[in-house]
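A.B. asks: The structure is given below, and queries will be raised subsequently.
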Amino acid sequence: MSKVTLETPAKTEEKVGPLLKMVLELGPLVVFFFANSRGEWLAAQFPVLAEMGGPIFIATGLFMAATALALIVSWILTRTLPMMPLISGVVVFVFGALTLWLQNDTFIKMKPTIVNTLFGAILLGGLLFGKSLLGYVFHAAFKLTDEGWRKLTLRWGLFFIVLAVMNEVVWRNFSTDFWVAFKVWGTMPITILFTLSQMPLIMRHSAEPQEDGKAP
């Protein structure tokens, strides 16, 4: 029997490649956006989907299926499950099931809040105990000084909290369609820009050996 193990993002990317990794992570979100925007058409083409309810419920069901498929493909290719997508997937299944069962889209709308708050609390909580947990996740991707890991962990912990607050503001004050669009086309670009903005810190606190100091 194959043993299911958890992998860090860096190791997973080495095995599946950055492009496929991006498809596995973004694919379910694209499915969610498409199903919500074309929910009535999908219900007409596939009557079984109409039993789920309106567009947001059809989108939730397909989002759950796409998330499960992405995790299965990741496991087939690597025989491992990436840690953060797995945690996010579990929350998707739990809150998605509640959304469909109770016919209340509040649960799926709260999912990003729960996941981001969880990640933020873990990272910031680790710092309170003197642990830069981000270093344990990304140590295979790059090497930083202890100060660098502390700063990067603090920034990402606060960023996850900001994402959680943003999700609460959007879903509580705007339409469902706007929330879905923001979830796909707002949160992801913001995350990419934030990631790129951390490169100066990573370069400044890099612990990689310097080639210039080596004798020829």
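Labeling convention for the structure tokens: chains A, B, ... as they appear, residues from 1 per chain, ligands from 1 in order of appearance.
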Name all residues at most 7 Å from stretch 50-62 of chain A (count only C-alpha atoms; drop same-chain ones fewer than 3 positions away) and give them as a list of chain:residue names.

C.D. replies: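 Counting only C-alpha atoms, the residues come to A:Val31, A:Phe32, A:Ala35, A:Asn36, A:Gly39, A:Glu40, A:Ala43, A:Pro47, A:Ala65, A:Ala66, A:Gly96, A:Leu100.
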
A.B. asks: Check stretch 5-215 of chain A with DSSP on the backbone and list each residue it calls strand (DSSP E or B), as a list in words.

C.D. replies: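 Of stretch 5-215 of chain A, only Thr5, Leu6, Glu7, Thr80, Leu81, Pro82, Leu144 and Ser206 of chain A fall in strand (DSSP E or B).
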